[in-house]
file structure.cif (mmCIF, C-alpha atoms)
data_entry
loop_
_atom_site.group_PDB
_atom_site.id
_atom_site.type_symbol
_atom_site.label_atom_id
_atom_site.label_comp_id
_atom_site.auth_asym_id
_atom_site.auth_seq_id
_atom_site.Cartn_x
_atom_site.Cartn_y
_atom_site.Cartn_z
ATOM 1 C CA MET F 437 -9.681 -20.270 -4.064
ATOM 2 C CA SER F 438 -10.840 -16.787 -4.908
ATOM 3 C CA VAL F 439 -8.902 -13.696 -5.885
ATOM 4 C CA ARG F 440 -8.972 -10.944 -3.234
ATOM 5 C CA GLU F 441 -8.524 -7.296 -4.119
ATOM 6 C CA VAL F 442 -6.222 -5.346 -1.787
ATOM 7 C CA ASP F 443 -4.556 -1.942 -1.795
ATOM 8 C CA GLY F 444 -0.858 -1.215 -1.344
ATOM 9 C CA VAL F 445 -1.085 -1.322 2.454
ATOM 10 C CA GLY F 446 -2.897 -4.658 2.360
ATOM 11 C CA LEU F 447 -0.352 -6.070 -0.061
ATOM 12 C CA ARG F 448 2.567 -5.074 2.161
ATOM 13 C CA ALA F 449 0.854 -6.732 5.140
ATOM 14 C CA GLU F 450 0.294 -9.956 3.173
ATOM 15 C CA ILE F 451 3.920 -10.022 1.996
ATOM 16 C CA GLU F 452 5.221 -9.363 5.513
ATOM 17 C CA ALA F 453 3.099 -12.262 6.800
ATOM 18 C CA GLY F 454 5.432 -14.489 4.775
ATOM 19 C CA GLY F 455 2.980 -16.812 3.051
ATOM 20 C CA ARG F 456 2.962 -17.911 -0.561
ATOM 21 C CA LEU F 457 1.314 -15.265 -2.744
ATOM 22 C CA LEU F 458 0.393 -14.748 -6.361
ATOM 23 C CA VAL F 459 -0.183 -11.034 -6.963
ATOM 24 C CA GLU F 460 -1.903 -9.674 -10.069
ATOM 25 C CA PHE F 461 -1.104 -6.027 -10.808
ATOM 26 C CA TRP F 462 -3.663 -4.319 -13.047
ATOM 27 C CA ALA F 463 -5.265 -1.011 -14.047
ATOM 28 C CA PRO F 464 -8.743 -0.198 -15.370
ATOM 29 C CA TRP F 465 -7.279 1.308 -18.560
ATOM 30 C CA CYS F 466 -5.204 -1.809 -19.343
ATOM 31 C CA ILE F 467 -6.797 -3.620 -22.297
ATOM 32 C CA GLN F 468 -5.172 -7.010 -21.583
ATOM 33 C CA CYS F 469 -5.852 -6.866 -17.834
ATOM 34 C CA GLY F 470 -9.524 -7.881 -18.229
ATOM 35 C CA PRO F 471 -8.812 -11.139 -20.063
ATOM 36 C CA MET F 472 -5.829 -11.831 -17.789
ATOM 37 C CA ALA F 473 -8.057 -11.462 -14.710
ATOM 38 C CA GLY F 474 -10.210 -14.311 -16.019
ATOM 39 C CA VAL F 475 -7.127 -16.469 -16.561
ATOM 40 C CA VAL F 476 -5.862 -15.712 -13.040
ATOM 41 C CA GLU F 477 -9.256 -16.645 -11.560
ATOM 42 C CA ARG F 478 -9.238 -19.989 -13.385
ATOM 43 C CA VAL F 479 -5.647 -20.730 -12.389
ATOM 44 C CA ALA F 480 -6.271 -19.661 -8.766
ATOM 45 C CA ALA F 481 -8.783 -22.498 -8.461
ATOM 46 C CA THR F 482 -6.001 -24.997 -9.224
ATOM 47 C CA LEU F 483 -3.399 -23.693 -6.756
ATOM 48 C CA PRO F 484 -2.686 -25.329 -3.394
ATOM 49 C CA ASP F 485 -4.793 -24.066 -0.477
ATOM 50 C CA ASP F 486 -1.828 -22.334 1.186
ATOM 51 C CA VAL F 487 -1.421 -19.916 -1.759
ATOM 52 C CA SER F 488 -3.229 -16.575 -1.526
ATOM 53 C CA VAL F 489 -4.116 -14.829 -4.785
ATOM 54 C CA LEU F 490 -4.321 -11.041 -4.607
ATOM 55 C CA LYS F 491 -5.245 -8.328 -7.098
ATOM 56 C CA VAL F 492 -3.769 -4.826 -6.755
ATOM 57 C CA SER F 493 -4.492 -1.735 -8.851
ATOM 58 C CA VAL F 494 -1.510 0.307 -9.947
ATOM 59 C CA GLU F 495 -3.640 3.443 -10.299
ATOM 60 C CA ASP F 496 -1.671 4.538 -7.232
ATOM 61 C CA GLU F 497 1.713 4.814 -8.937
ATOM 62 C CA THR F 498 3.573 4.249 -5.682
ATOM 63 C CA VAL F 499 2.426 0.608 -5.802
ATOM 64 C CA ALA F 500 3.870 0.154 -9.293
ATOM 65 C CA ASP F 501 7.115 1.844 -8.262
ATOM 66 C CA GLU F 502 7.473 -0.138 -5.039
ATOM 67 C CA TYR F 503 7.120 -3.496 -6.817
ATOM 68 C CA GLY F 504 8.902 -2.581 -10.046
ATOM 69 C CA VAL F 505 5.833 -2.975 -12.247
ATOM 70 C CA ARG F 506 6.659 -1.467 -15.644
ATOM 71 C CA ALA F 507 4.165 -3.256 -17.913
ATOM 72 C CA LEU F 508 0.656 -4.636 -17.491
ATOM 73 C CA PRO F 509 -0.724 -7.095 -16.878
ATOM 74 C CA ALA F 510 1.923 -8.204 -14.410
ATOM 75 C CA LEU F 511 2.079 -11.030 -11.909
ATOM 76 C CA GLN F 512 4.524 -11.526 -9.073
ATOM 77 C CA VAL F 513 5.064 -14.498 -6.801
ATOM 78 C CA PHE F 514 6.135 -13.944 -3.196
ATOM 79 C CA LYS F 515 7.381 -16.630 -0.834
ATOM 80 C CA GLY F 516 8.635 -16.047 2.689
ATOM 81 C CA GLY F 517 8.227 -12.287 2.338
ATOM 82 C CA ARG F 518 10.405 -12.053 -0.781
ATOM 83 C CA ALA F 519 9.726 -11.790 -4.488
ATOM 84 C CA ALA F 520 10.349 -15.159 -6.129
ATOM 85 C CA ALA F 521 9.182 -14.612 -9.725
ATOM 86 C CA SER F 522 7.717 -12.016 -12.086
ATOM 87 C CA ILE F 523 5.601 -12.483 -15.200
ATOM 88 C CA SER F 524 4.606 -9.654 -17.552
ATOM 89 C CA GLY F 525 2.077 -9.725 -20.357
ATOM 90 C CA PHE F 526 -0.891 -11.894 -21.187
ATOM 91 C CA LEU F 527 -0.614 -15.672 -20.847
ATOM 92 C CA ARG F 528 -3.237 -18.313 -21.476
ATOM 93 C CA ALA F 529 -4.088 -20.567 -18.532
ATOM 94 C CA PRO F 530 -1.912 -23.582 -19.501
ATOM 95 C CA ALA F 531 1.154 -21.377 -19.984
ATOM 96 C CA LEU F 532 0.519 -19.578 -16.686
ATOM 97 C CA VAL F 533 0.164 -22.867 -14.806
ATOM 98 C CA GLU F 534 3.499 -24.026 -16.211
ATOM 99 C CA ALA F 535 5.185 -20.716 -15.353
ATOM 100 C CA LEU F 536 3.903 -20.893 -11.771
ATOM 101 C CA ARG F 537 4.521 -24.600 -11.137
ATOM 102 C CA PRO F 538 8.154 -24.230 -9.915
ATOM 103 C CA HIS F 539 7.134 -21.469 -7.504
ATOM 104 C CA LEU F 540 3.610 -22.318 -6.335
ATOM 105 C CA GLY F 541 3.158 -26.003 -7.028
ATOM 106 C CA PRO F 542 2.538 -28.403 -4.167
ATOM 107 C CA GLN F 543 5.204 -28.164 -1.486
ATOM 108 C CA THR F 544 7.324 -31.245 -1.035
#
call {"tool": "encode", "arguments": {"input": "structure.cif", "output": "structure tokens"}}
result
Amino acid sequence: MSVREVDGVGLRAEIEAGGRLLVEFWAPWCIQCGPMAGVVERVAATLPDDVSVLKVSVEDETVADEYGVRALPALQVFKGGRAAASISGFLRAPALVEALRPHLGPQT
């Protein structure tokens, strides 16, 4: 699974569609966002096929405000059109997989 870059309008549409999403919020000036993007790409390849992984720049501050992003890098999980989890700061791949497992692991 690949990471798709979307803008605020695209993100809202994806959330409203109600699927399972992992959203990476980033900015070009964020030092930790580059390494975190690589971690997210590696982890995305391990997620179930019904999970979409999106990347959204917070250069447009309305996006950060709308989703409560106060620190970068930031990840949010959405399920059924609602926020289900938030993660702030850099995590290595094993820690990110464990943090996401309760929210985006295989559905039972």
call {"tool": "resolve_selection", "arguments": {"input": "structure.cif", "expression": "the PyMOL selection byres ((chain F and resi 472-476) around 9)", "output": "mmCIF file with C-alpha atoms, keeping the file's coordinate frame"}}
result
data_model
loop_
_atom_site.group_PDB
_atom_site.id
_atom_site.type_symbol
_atom_site.label_atom_id
_atom_site.label_comp_id
_atom_site.auth_asym_id
_atom_site.auth_seq_id
_atom_site.Cartn_x
_atom_site.Cartn_y
_atom_site.Cartn_z
ATOM 1 C CA VAL F 439 -8.902 -13.696 -5.885
ATOM 2 C CA GLU F 460 -1.903 -9.674 -10.069
ATOM 3 C CA TRP F 462 -3.663 -4.319 -13.047
ATOM 4 C CA GLN F 468 -5.172 -7.010 -21.583
ATOM 5 C CA CYS F 469 -5.852 -6.866 -17.834
ATOM 6 C CA GLY F 470 -9.524 -7.881 -18.229
ATOM 7 C CA PRO F 471 -8.812 -11.139 -20.063
ATOM 8 C CA GLU F 477 -9.256 -16.645 -11.560
ATOM 9 C CA ARG F 478 -9.238 -19.989 -13.385
ATOM 10 C CA VAL F 479 -5.647 -20.730 -12.389
ATOM 11 C CA ALA F 480 -6.271 -19.661 -8.766
ATOM 12 C CA ALA F 481 -8.783 -22.498 -8.461
ATOM 13 C CA VAL F 489 -4.116 -14.829 -4.785
ATOM 14 C CA LYS F 491 -5.245 -8.328 -7.098
ATOM 15 C CA PRO F 509 -0.724 -7.095 -16.878
ATOM 16 C CA GLY F 525 2.077 -9.725 -20.357
ATOM 17 C CA PHE F 526 -0.891 -11.894 -21.187
ATOM 18 C CA LEU F 527 -0.614 -15.672 -20.847
ATOM 19 C CA ARG F 528 -3.237 -18.313 -21.476
ATOM 20 C CA ALA F 529 -4.088 -20.567 -18.532
ATOM 21 C CA LEU F 532 0.519 -19.578 -16.686
#
call {"tool": "atom_distance", "arguments": {"input": "structure.cif", "atom1": "CA of Val492 (chain F)", "atom2": "CA of Arg537 (chain F)"}}
result
21.9 Å
call {"tool": "residues_around", "arguments": {"input": "structure.cif", "residues": "Ile451 (chain F)", "least_positions_apart": "3", "cutoff": "10 Å", "atoms": "only C-alpha atoms", "output": "ChimeraX atom specification"}}
result
/F:446-448,454-457,459,513-519
call {"tool": "atom_distance", "arguments": {"input": "structure.cif", "atom1": "CA of Trp465 (chain F)", "atom2": "CA of Gly444 (chain F)"}}
result
18.5 Å
call {"tool": "atom_distance", "arguments": {"input": "structure.cif", "atom1": "CA of Ala510 (chain F)", "atom2": "CA of Ser522 (chain F)"}}
result
7.3 Å
call {"tool": "residues_around", "arguments": {"input": "structure.cif", "residues": "Gly504 (chain F)", "least_positions_apart": "2", "cutoff": "12 Å", "atoms": "all atoms listed in the file", "output": "PyMOL selection string"}}
result
chain F and resi 461+494+497-502+506-508+510-512+519+522-524
call {"tool": "write_last_selection", "arguments": {"input": "structure.cif", "atoms": "C-alpha atoms", "output": "mmCIF file, keeping the file's coordinate frame"}}
result
data_model
loop_
_atom_site.group_PDB
_atom_site.id
_atom_site.type_symbol
_atom_site.label_atom_id
_atom_site.label_comp_id
_atom_site.auth_asym_id
_atom_site.auth_seq_id
_atom_site.Cartn_x
_atom_site.Cartn_y
_atom_site.Cartn_z
ATOM 1 C CA PHE F 461 -1.104 -6.027 -10.808
ATOM 2 C CA VAL F 494 -1.510 0.307 -9.947
ATOM 3 C CA GLU F 497 1.713 4.814 -8.937
ATOM 4 C CA THR F 498 3.573 4.249 -5.682
ATOM 5 C CA VAL F 499 2.426 0.608 -5.802
ATOM 6 C CA ALA F 500 3.870 0.154 -9.293
ATOM 7 C CA ASP F 501 7.115 1.844 -8.262
ATOM 8 C CA GLU F 502 7.473 -0.138 -5.039
ATOM 9 C CA ARG F 506 6.659 -1.467 -15.644
ATOM 10 C CA ALA F 507 4.165 -3.256 -17.913
ATOM 11 C CA LEU F 508 0.656 -4.636 -17.491
ATOM 12 C CA ALA F 510 1.923 -8.204 -14.410
ATOM 13 C CA LEU F 511 2.079 -11.030 -11.909
ATOM 14 C CA GLN F 512 4.524 -11.526 -9.073
ATOM 15 C CA ALA F 519 9.726 -11.790 -4.488
ATOM 16 C CA SER F 522 7.717 -12.016 -12.086
ATOM 17 C CA ILE F 523 5.601 -12.483 -15.200
ATOM 18 C CA SER F 524 4.606 -9.654 -17.552
#
call {"tool": "axis_aligned_box", "arguments": {"input": "structure.cif", "around": "region 487-505 of chain F", "padding_each_side": "4 Å", "output": "AutoDock Vina command-line options"}}
result
--center_x 1.8 --center_y -7.6 --center_z -6.9 --size_x 22.1 --size_y 32.7 --size_z 18.7
